[in-house]
Structure formats: structure tokens, C-alpha cells
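Novice: Sharing structure_7.txt here; it has compact mmCIF, C-alpha atoms.
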# COMPACT_ATOMS: atom_id res chain seq x y z
CA MET A 454 6.70 -37.67 15.06
CA THR A 455 5.71 -35.77 18.21
CA HIS A 456 4.52 -32.56 16.58
CA PRO A 457 1.31 -31.86 14.71
CA THR A 458 1.32 -33.31 11.22
CA SER A 459 1.22 -30.44 8.76
CA THR A 460 2.09 -29.55 5.23
CA HIS A 461 2.60 -25.99 6.41
CA PRO A 462 6.26 -25.03 6.78
CA SER A 463 7.18 -23.16 9.98
CA ALA A 464 9.16 -20.00 9.36
CA HIS A 465 8.85 -17.97 12.54
CA GLY A 466 11.34 -19.66 14.86
CA THR A 467 10.71 -20.71 18.41
CA PRO A 468 8.79 -18.82 21.13
CA ARG A 469 12.03 -18.47 23.09
CA ARG A 470 13.84 -16.87 20.15
CA ALA A 471 10.90 -14.51 19.53
CA PHE A 472 11.00 -13.52 23.22
CA TRP A 473 14.73 -12.71 23.24
CA ILE A 474 14.41 -10.74 20.02
CA TRP A 475 11.64 -8.72 21.70
CA ILE A 476 13.95 -8.06 24.68
CA PHE A 477 16.67 -6.88 22.26
CA LEU A 478 14.18 -4.61 20.48
CA LEU A 479 13.13 -3.10 23.82
CA ALA A 480 16.72 -2.66 25.04
CA SER A 481 17.84 -0.92 21.87
CA THR A 482 14.78 1.32 22.04
CA VAL A 483 15.80 2.36 25.55
CA PHE A 484 19.31 3.09 24.24
CA ALA A 485 17.95 5.28 21.41
CA TRP A 486 15.66 7.07 23.88
CA ALA A 487 18.65 7.72 26.18
CA MET A 488 20.58 9.22 23.25
CA ALA A 489 17.66 11.55 22.52
CA LYS A 490 17.25 12.57 26.18
CA THR A 491 20.95 13.33 26.62
CA ASP A 492 21.04 15.13 23.26
CA MET A 493 24.04 13.07 22.19
CA GLY A 494 25.08 13.18 18.55
CA GLY A 495 28.06 12.85 16.25
CA ILE A 496 29.30 10.22 13.83
CA SER A 497 29.90 7.49 16.41
CA ILE A 498 26.43 7.84 17.94
CA MET A 499 24.89 7.95 14.45
CA ALA A 500 26.81 4.78 13.49
CA LEU A 501 25.65 3.04 16.66
CA LEU A 502 22.02 4.11 16.17
CA MET A 503 21.95 3.03 12.54
CA GLY A 504 23.77 -0.23 13.36
CA LEU A 505 21.12 -0.98 15.96
CA ALA A 506 18.33 0.06 13.59
CA PHE A 507 19.76 -2.35 11.00
CA ALA A 508 19.99 -5.19 13.54
CA LYS A 509 16.42 -4.55 14.74
CA GLY A 510 15.13 -4.42 11.19
CA ALA A 511 16.96 -7.62 10.26
CA PHE A 512 15.46 -9.48 13.23
CA VAL A 513 11.96 -8.27 12.35
CA ILE A 514 12.39 -9.25 8.68
CA LEU A 515 14.06 -12.63 9.21
CA ASP A 516 12.33 -13.87 12.36
CA TYR A 517 9.08 -11.99 12.92
CA MET A 518 8.12 -11.75 9.24
CA GLY A 519 9.48 -15.25 8.71
CA ILE A 520 11.72 -14.36 5.77
CA ARG A 521 14.48 -16.61 7.19
CA GLY A 522 12.62 -19.56 5.66
CA ALA A 523 11.75 -17.78 2.39
CA PRO A 524 13.40 -18.22 -1.01
CA THR A 525 16.75 -16.41 -1.40
CA LEU A 526 15.28 -13.81 -3.76
CA TRP A 527 12.88 -12.60 -1.05
CA LYS A 528 15.66 -12.52 1.52
CA ALA A 529 17.74 -10.42 -0.89
CA ILE A 530 14.88 -8.02 -1.68
CA THR A 531 13.82 -7.39 1.93
CA LEU A 532 17.28 -7.27 3.50
CA GLY A 533 18.48 -5.30 0.47
CA TRP A 534 15.81 -2.69 1.22
CA LEU A 535 17.10 -2.44 4.78
CA VAL A 536 20.74 -2.12 3.67
CA VAL A 537 19.92 0.58 1.11
CA VAL A 538 17.76 2.58 3.54
CA CYS A 539 20.43 2.48 6.28
CA LEU A 540 23.20 3.41 3.81
CA VAL A 541 21.20 6.31 2.37
CA ILE A 542 20.59 7.64 5.89
CA VAL A 543 24.30 7.36 6.75
CA LEU A 544 25.30 9.10 3.50
CA GLY A 545 22.71 11.85 4.00
CA TYR A 546 23.93 12.36 7.57
CA LEU A 547 27.57 12.57 6.44
CA LYS A 548 26.60 15.06 3.73
CA GLY A 549 25.14 17.31 6.42
CA LEU A 550 28.37 17.45 8.44
CA PRO A 551 30.25 20.78 8.36
CA ALA A 552 32.95 20.82 5.67
CA MET B 408 4.83 -22.57 30.36
CA ASP B 409 4.58 -26.35 29.74
CA THR B 410 2.57 -25.61 26.63
CA ASP B 411 5.26 -23.18 25.49
CA THR B 412 7.99 -25.76 26.04
CA THR B 413 6.03 -28.37 24.09
CA MET B 414 5.43 -25.84 21.34
CA GLU B 415 9.13 -25.02 21.27
CA GLU B 416 9.86 -28.72 20.73
CA HIS B 417 7.19 -28.92 18.05
CA THR B 418 8.58 -25.92 16.24
CA ARG B 419 12.16 -27.18 16.41
CA ALA B 420 11.16 -30.64 15.18
CA HIS B 421 9.13 -29.09 12.40
CA GLN B 422 11.95 -26.80 11.32
CA SER B 423 14.33 -29.73 11.37
CA ASP B 424 11.97 -31.64 9.07
CA LEU B 425 11.76 -28.68 6.74
CA SER B 426 15.48 -28.18 6.76
CA ALA B 427 15.95 -31.83 5.85
CA LEU B 428 13.51 -31.40 2.99
CA GLY B 429 15.20 -28.18 1.91
CA GLN B 430 11.83 -26.40 1.68
CA GLN B 431 11.71 -22.64 1.38
CA ARG B 432 8.46 -20.73 1.54
CA LEU B 433 7.29 -17.14 1.59
CA PRO B 434 4.97 -16.84 4.63
CA GLY B 435 1.50 -15.64 3.65
CA ASP B 436 0.10 -14.56 0.34
CA LEU B 437 2.30 -13.36 -2.54
CA ALA B 438 -0.07 -10.40 -3.09
CA ILE B 439 0.50 -9.03 0.42
CA TRP B 440 4.26 -9.19 -0.13
CA VAL B 441 3.99 -7.24 -3.38
CA PHE B 442 1.93 -4.67 -1.47
CA ILE B 443 4.48 -4.62 1.38
CA LEU B 444 7.36 -4.07 -1.06
CA ALA B 445 5.51 -1.17 -2.70
CA GLU B 446 4.96 0.41 0.73
CA LEU B 447 8.59 -0.13 1.73
CA LEU B 448 9.77 1.57 -1.46
CA VAL B 449 7.61 4.62 -0.77
CA PHE B 450 8.94 4.87 2.78
CA ALA B 451 12.52 4.47 1.49
CA VAL B 452 12.00 7.48 -0.77
CA PHE B 453 10.57 9.44 2.18
CA PHE B 454 13.55 8.54 4.38
CA GLY B 455 16.04 9.49 1.66
CA ALA B 456 14.27 12.80 0.97
CA TYR B 457 14.20 13.59 4.71
CA VAL B 458 17.88 12.91 5.36
CA PHE B 459 19.10 14.83 2.30
CA ALA B 460 16.77 17.76 3.06
CA ARG B 461 18.24 17.69 6.59
CA ALA B 462 21.75 17.83 5.11
CA GLY B 463 20.78 21.13 3.49
CA ASP B 464 19.75 22.76 6.78
CA VAL B 465 21.05 20.77 9.75
CA GLU B 466 20.59 23.66 12.20
CA LEU B 467 16.87 24.04 11.45
CA PHE B 468 16.27 20.28 11.59
CA SER B 469 18.18 19.94 14.88
CA ALA B 470 16.38 22.88 16.50
CA GLU B 471 12.92 21.65 15.53
CA GLN B 472 13.74 18.00 16.22
CA ALA B 473 14.60 19.06 19.79
CA MET B 474 10.97 20.20 20.16
CA LEU B 475 9.66 16.68 19.56
CA ASN B 476 8.63 14.60 22.55
CA SER B 477 11.16 11.74 22.47
CA ASN B 478 9.44 10.12 25.48
CA LEU B 479 6.29 9.62 23.42
CA GLY B 480 8.33 8.50 20.40
CA ALA B 481 10.11 5.88 22.51
CA LEU B 482 6.85 4.80 24.16
CA ASN B 483 5.32 4.26 20.74
CA THR B 484 8.36 2.20 19.69
CA VAL B 485 7.88 0.00 22.77
CA LEU B 486 4.18 -0.40 21.92
CA LEU B 487 4.88 -1.37 18.30
CA VAL B 488 7.70 -3.85 19.01
CA THR B 489 5.59 -5.41 21.75
CA SER B 490 2.63 -5.75 19.42
CA SER B 491 4.94 -7.34 16.84
CA PHE B 492 6.11 -9.86 19.45
CA PHE B 493 2.48 -10.65 20.33
CA VAL B 494 1.65 -11.16 16.64
CA VAL B 495 4.56 -13.53 16.06
CA ARG B 496 3.46 -15.53 19.12
CA ALA B 497 -0.03 -15.73 17.63
CA VAL B 498 1.43 -17.04 14.37
CA GLN B 499 3.53 -19.61 16.23
CA LEU B 500 0.46 -20.81 18.12
CA GLY B 501 -1.44 -21.11 14.85
CA GLU B 502 1.41 -23.20 13.43
CA ALA B 503 1.33 -25.40 16.51
CA GLY B 504 -2.39 -26.07 16.05
CA GLU B 505 -3.54 -23.76 18.85
CA GLY B 506 -5.36 -21.23 16.70
CA ARG B 507 -7.87 -20.24 19.39
CA ARG B 508 -5.12 -19.36 21.88
CA ALA B 509 -3.64 -17.15 19.18
CA ALA B 510 -6.67 -14.86 19.59
CA ASN B 511 -5.44 -13.82 23.08
CA TRP B 512 -2.07 -12.72 21.71
CA LEU B 513 -3.76 -10.90 18.84
CA ALA B 514 -5.95 -9.07 21.38
CA GLY B 515 -2.74 -7.95 23.14
CA ALA B 516 -1.31 -6.77 19.83
CA ILE B 517 -4.50 -4.82 19.09
CA ALA B 518 -4.30 -3.16 22.52
CA CYS B 519 -0.69 -2.10 21.87
CA GLY B 520 -1.57 -0.83 18.40
CA ALA B 521 -4.50 1.15 19.85
CA GLY B 522 -2.09 2.54 22.45
CA PHE B 523 0.16 3.72 19.62
CA VAL B 524 -2.78 5.51 17.99
CA VAL B 525 -3.73 7.25 21.25
CA VAL B 526 -0.15 8.37 21.95
CA LYS B 527 0.47 9.58 18.40
CA PHE B 528 -2.87 11.35 18.28
CA SER B 529 -2.13 13.18 21.56
CA GLU B 530 1.26 14.17 20.15
CA TYR B 531 -0.41 15.62 17.05
CA VAL B 532 -3.00 17.49 19.15
CA ALA B 533 -0.24 19.08 21.26
CA GLN B 534 1.73 20.06 18.15
CA PHE B 535 -1.22 21.37 16.16
CA SER B 536 -2.42 23.41 19.16
CA GLN B 537 0.97 25.17 19.06
CA GLY B 538 0.21 26.21 15.50
CA ILE B 539 2.52 23.65 13.90
CA SER B 540 1.43 22.64 10.41
CA LEU B 541 2.79 21.22 7.17
CA SER B 542 3.82 24.71 6.09
CA SER B 543 5.57 25.66 9.37
CA SER B 544 8.98 24.54 8.13
CA THR B 545 10.72 21.97 5.95
CA PHE B 546 11.27 19.85 9.04
CA HIS B 547 7.61 19.87 10.02
CA MET B 548 6.53 19.24 6.44
CA PHE B 549 8.59 16.02 6.54
CA TYR B 550 7.73 15.18 10.14
CA ILE B 551 3.98 15.46 9.65
CA SER B 552 3.78 13.83 6.24
CA LEU B 553 6.12 10.96 7.18
CA THR B 554 4.57 10.18 10.56
CA PHE B 555 1.00 10.69 9.34
CA PHE B 556 1.58 8.38 6.37
CA HIS B 557 2.86 5.80 8.85
CA PHE B 558 -0.08 6.53 11.19
CA MET B 559 -2.52 5.64 8.38
CA HIS B 560 -0.72 2.32 7.98
CA VAL B 561 -1.11 1.65 11.70
CA LEU B 562 -4.86 2.25 11.40
CA LEU B 563 -5.14 -0.12 8.43
CA GLY B 564 -2.97 -2.64 10.29
CA LEU B 565 -5.33 -2.47 13.27
CA VAL B 566 -8.33 -3.21 11.05
CA ILE B 567 -6.44 -6.26 9.74
CA LEU B 568 -5.50 -7.38 13.27
CA VAL B 569 -9.14 -7.17 14.39
CA ALA B 570 -10.15 -9.34 11.42
CA LEU B 571 -7.41 -11.87 12.32
CA TRP B 572 -8.54 -11.85 15.97
CA ARG B 573 -12.14 -12.59 14.99
CA ASN B 574 -11.03 -15.43 12.73
CA ALA B 575 -8.73 -16.84 15.39
CA ARG B 576 -11.54 -16.77 17.96
CA ALA B 577 -13.71 -18.65 15.48
CA GLY B 578 -10.99 -21.30 15.29
CA LEU B 579 -10.23 -20.71 11.61
CA TYR B 580 -6.44 -20.90 11.90
CA GLY B 581 -4.39 -24.06 12.22
CA PRO B 582 -1.29 -25.73 10.79
CA ASP B 583 -3.01 -26.23 7.45
CA ASN B 584 -4.69 -22.85 7.28
CA MET B 585 -2.14 -20.15 8.04
CA ASN B 586 -2.25 -18.03 4.90
CA GLY B 587 -4.56 -15.28 6.23
CA LEU B 588 -2.86 -15.08 9.62
CA GLU B 589 0.63 -14.97 8.12
CA SER B 590 -0.37 -12.37 5.52
CA GLY B 591 -1.89 -10.03 8.10
CA ALA B 592 1.02 -10.60 10.46
CA ALA B 593 3.52 -9.71 7.70
CA TYR B 594 1.69 -6.41 7.09
CA TRP B 595 1.75 -5.55 10.80
CA HIS B 596 5.48 -6.35 11.04
CA MET B 597 6.05 -4.04 8.05
CA VAL B 598 4.38 -1.22 10.03
CA ASP B 599 6.75 -1.99 12.93
CA LEU B 600 9.79 -2.25 10.63
CA VAL B 601 9.19 1.20 9.15
CA TRP B 602 8.83 2.74 12.61
CA LEU B 603 12.12 1.13 13.71
CA ILE B 604 13.85 3.29 11.08
CA LEU B 605 11.59 6.33 11.47
CA PHE B 606 12.07 6.70 15.23
CA PRO B 607 15.88 7.02 15.31
CA LEU B 608 15.91 9.05 12.08
CA VAL B 609 13.31 11.67 13.01
CA TYR B 610 13.39 11.73 16.84
CA VAL B 611 16.96 10.81 17.78
CA LEU B 612 19.64 11.41 15.12
CA ARG B 613 21.53 14.60 16.04
Show me, as C-alpha cells, the structure contained in the file I just sent.
Specialist:
Amino acid sequence: MTHPTSTHPSAHGTPRRAFWIWIFLLASTVFAWAMAKTDMGGISIMALLMGLAFAKGAFVILDYMGIRGAPTLWKAITLGWLVVVCLVIVLGYLKGLPA
Amino acid sequence: MDTDTTMEEHTRAHQSDLSALGQQRLPGDLAIWVFILAELLVFAVFFGAYVFARAGDVELFSAEQAMLNSNLGALNTVLLVTSSFFVVRAVQLGEAGEGRRAANWLAGAIACGAGFVVVKFSEYVAQFSQGISLSSSTFHMFYISLTFFHFMHVLLGLVILVALWRNARAGLYGPDNMNGLESGAAYWHMVDLVWLILFPLVYVLR
């Protein structure tokens, strides 16, 4: 065994994975900022923004919070929160569209 | 870089061991997760209320949203995701038995969090000096209450990060003592997670 002996389970992935997730988080932030600066809107932009928000949230929950290694119930609760929040935002947005 | 590569190998080997054992574990203390869930539920209600209030008056929300400074909103997103990355690196170093090195990453996270506070505070000062308040409009009622509620969480998160930094400097964290570091880290990531929804919803969605 070449790694430190421990009874503590690792749940936060590798440094390399954490780094690339950070790059993704930064890149999608730049995209969202560009959408705001260019005043772009509409269903497709909303879908893209919320899709990215979901992906960002899922990475933070699973990798940064370390839920990937947690019991299934905790994965379901935390990711379920993210799914519900994103769906509610999409539904609320669609409700606000002109009839 | 060599240390990082070695740590990467350690982490992979460790995860492989865990996978073989089929172990699953909630990182940190159960109590902090109950607290985090309660906070997430409150924010979910806020987000739902905001988006359905917006549906009732899209023109007002769009007009007043256009007055927000999206540059500062994006800058604050960069600061929070960067601080989250620094915190996860600190946790990984703790797991690898390099608890004292974790303190440097936590210091970086604290600096980013403090940057968020400065930027958000300057945004509030600019808005309040224009006479904007909770009663200005439905949009501003939501904007101020939602972002200020989040702002308070950032402040509490910073207090927690400072405590983690002090403990890390004192060499308290290691592979067999990760509970405090993981609990505080989970809280800070929750603050980041909420902002990752709040920013596109309040500043960007047209």
C-alpha cells in the first residue's frame, strides 16, 4: 500500500478532477455573463442556462461536497433538490411567456 | 506538482480500496447536513417565489434586472467557484495527510470569500445610494431579500473557513481527523451551490 493508511474514506475525487471541474465552472460563468451582456433571452437560452446551472450544481454536489461517495439516500436528496429547483425555474419561466 | 501527482495516486488508490470494500459515507457531520438541507429548502422556496412572481410581471422584472451590474454578479460567481475549488483542494490535502498545507488553500478560499463580500457590499452601496430599497418594487424586494439572505450565509461561511484555517495551521487535520474540515467545507460549498442558481436566475435569465 503506497498511500497513507487511514480509516477515513476519500470522497472528493482527485486534484486533477477538481481542477477541471473548476475550469468548467469558470467557463460556464463566462457564458452566462456573455448572455447577460448581450441581453440574449428566449426559451433556448433559458434552457441552456438552466442546463449549465444543473451541470454546475451537480458537479459541486457530487465532487466538491463529496456526495458521490455518500449513501444513495443522500445522493437522491441533494440531487433531487437540484432537479426540483431547476424544474420549478423552467416552469415559472414558461408561465411568464406571452400566451 | 510532484506532490500533487503523488496525492493523485494516493487518492485513486484509496478510492479503489473503498470501492472494493463497497463503503459509502456522508462526508462530515450529520448535523451539518441536516442544517444544509434546511437552508437549501428555504432557498428553493425563495427561487420558486421569485420565478412565479416574475411570471406575473415579466416586463417589470426584465426592466429592473437590466439595471443590475452583471459584471459584478459574474465576478462574484468567479470568486465563489474559485473559493470552492480551493476548499476542495484543502480537503484533499487533509485526506492525503498534509493538513498543514491545507491551510494555504483555505487562506486562498478566505481571500476569495472576502472578495465576494467587498464586491457585493459595493453593489449594495451603489444601489441603496440610488434610493433602491425593499419597497421599491416587487423585483427589488426579491433581489434584496434573496441576495442579502445569501450574503449572510457567506459571512457565516467565512467565519467557519477562518476557524478551519486556524485548525489546519495547528496541524489538527489528517486522514483520521477530517470531520470538522469536511463539515465546514460542505457548508461553504452549499453557499457556492446556491449562488450558482441565484446568479443565472436573478442576473441573467431574460
Novice: Using all atoms listed in the file, find which residues of chain B lie within 6 Å of chain A and jot them down as number ranges by chain.
Specialist: B: 415, 417, 431-433, 451, 458-459, 462, 481, 495, 582-583, 593, 600, 611, 613
Novice: Could you state the separation of CA of Val494 in chain B and CA of Val524 in chain B in Å, given to one decimal place?
Specialist: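 Separating CA of Val494 in chain B from CA of Val524 in chain B is a distance of 17.3 Å.
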Novice: What's around Leu444 in chain B at 12 Å? Count all atoms listed in the file, leave out sequence neighbours fewer than 2 positions away in its own chain, and write the answer as a VMD selection string.
Specialist: (chain A and resid 527 530 to 535) or (chain B and resid 437 to 442 446 to 451 593 to 594 597 to 598 601)
Novice: Identify, on the basis of only C-alpha atoms, every residue whose closest approach to range 590-592 of chain B does not exceed 7 Å; exclude the query and any residue fewer than 2 positions from it along the same chain; express the result as an NGL selection string.
Specialist: :B and (435-436 or 439 or 494 or 567-568 or 586-588 or 594-596)
Novice: Quick one, how far is CA of Gly564 in chain B from CA of Met474 in chain B?
Specialist: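 Interatomic distance here is 28.5 Å.
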Novice: Rounded to one decimal, what separation in Å do you get between CA of Gly463 in chain B and CA of Phe546 in chain B?
Specialist: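 Those two atoms sit 11.1 Å apart.
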Novice: Residues at most 6 Å from range 504-510 of chain B, counting only C-alpha atoms, excluding those fewer than 2 positions away in the same chain, as a list in words?
Specialist: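 Once the nearby chain positions are removed, what remains is Ala497, Leu500, Gly501, Glu502, Trp512, Leu513, Trp572, Ala575, Arg576, Gly578, Tyr580, Gly581 and Pro582 of chain B.
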Novice: Compare B:Leu612, B:Gly455, B:Asn584, B:Ala514 by their minimum atom-to-atom distance to Leu501 in chain A, counting all atoms listed in the file, and give me the closest one.
Specialist: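 Once distances to Leu501 in chain A are computed over all atoms listed in the file, the minimum belongs to B:Leu612.
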Novice: Output as AutoDock Vina command-line options the centre and edge lengths (Å, one decimal) of the box along x, y and z of the file that holds every listed atom of range 509-520 of chain A after adding 5 Å on each side.
Specialist:
--center_x 12.5 --center_y -9.8 --center_z 10.3 --size_x 18.8 --size_y 20.8 --size_z 19.0
Novice: With all atoms listed in the file as the basis for distance, which of B:Leu486, B:Val561, B:Ala470, B:Leu479 is at the shortest distance from Ser529 in chain B?
Specialist: B:Leu479
Novice: Rank B:Glu466, B:Phe528, B:Ile539, B:Pro607 by their smallest atom-to-atom distance to Phe555 in chain B, using only C-alpha atoms, and report the top residue only.
Specialist: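 Closest to Phe555 in chain B of all the choices is B:Phe528.
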Novice: Can you list, as an NGL selection string, every protein, DNA or RNA residue that comes within 12 Å of Thr554 in chain B when you count only C-alpha atoms, leaving out same-chain residues fewer than 4 positions away?
Specialist: :B and (450 or 453-454 or 457 or 480 or 483 or 523-524 or 527-528 or 530-531 or 541 or 546-550 or 558-561 or 598 or 601-602 or 604-606 or 608-610)
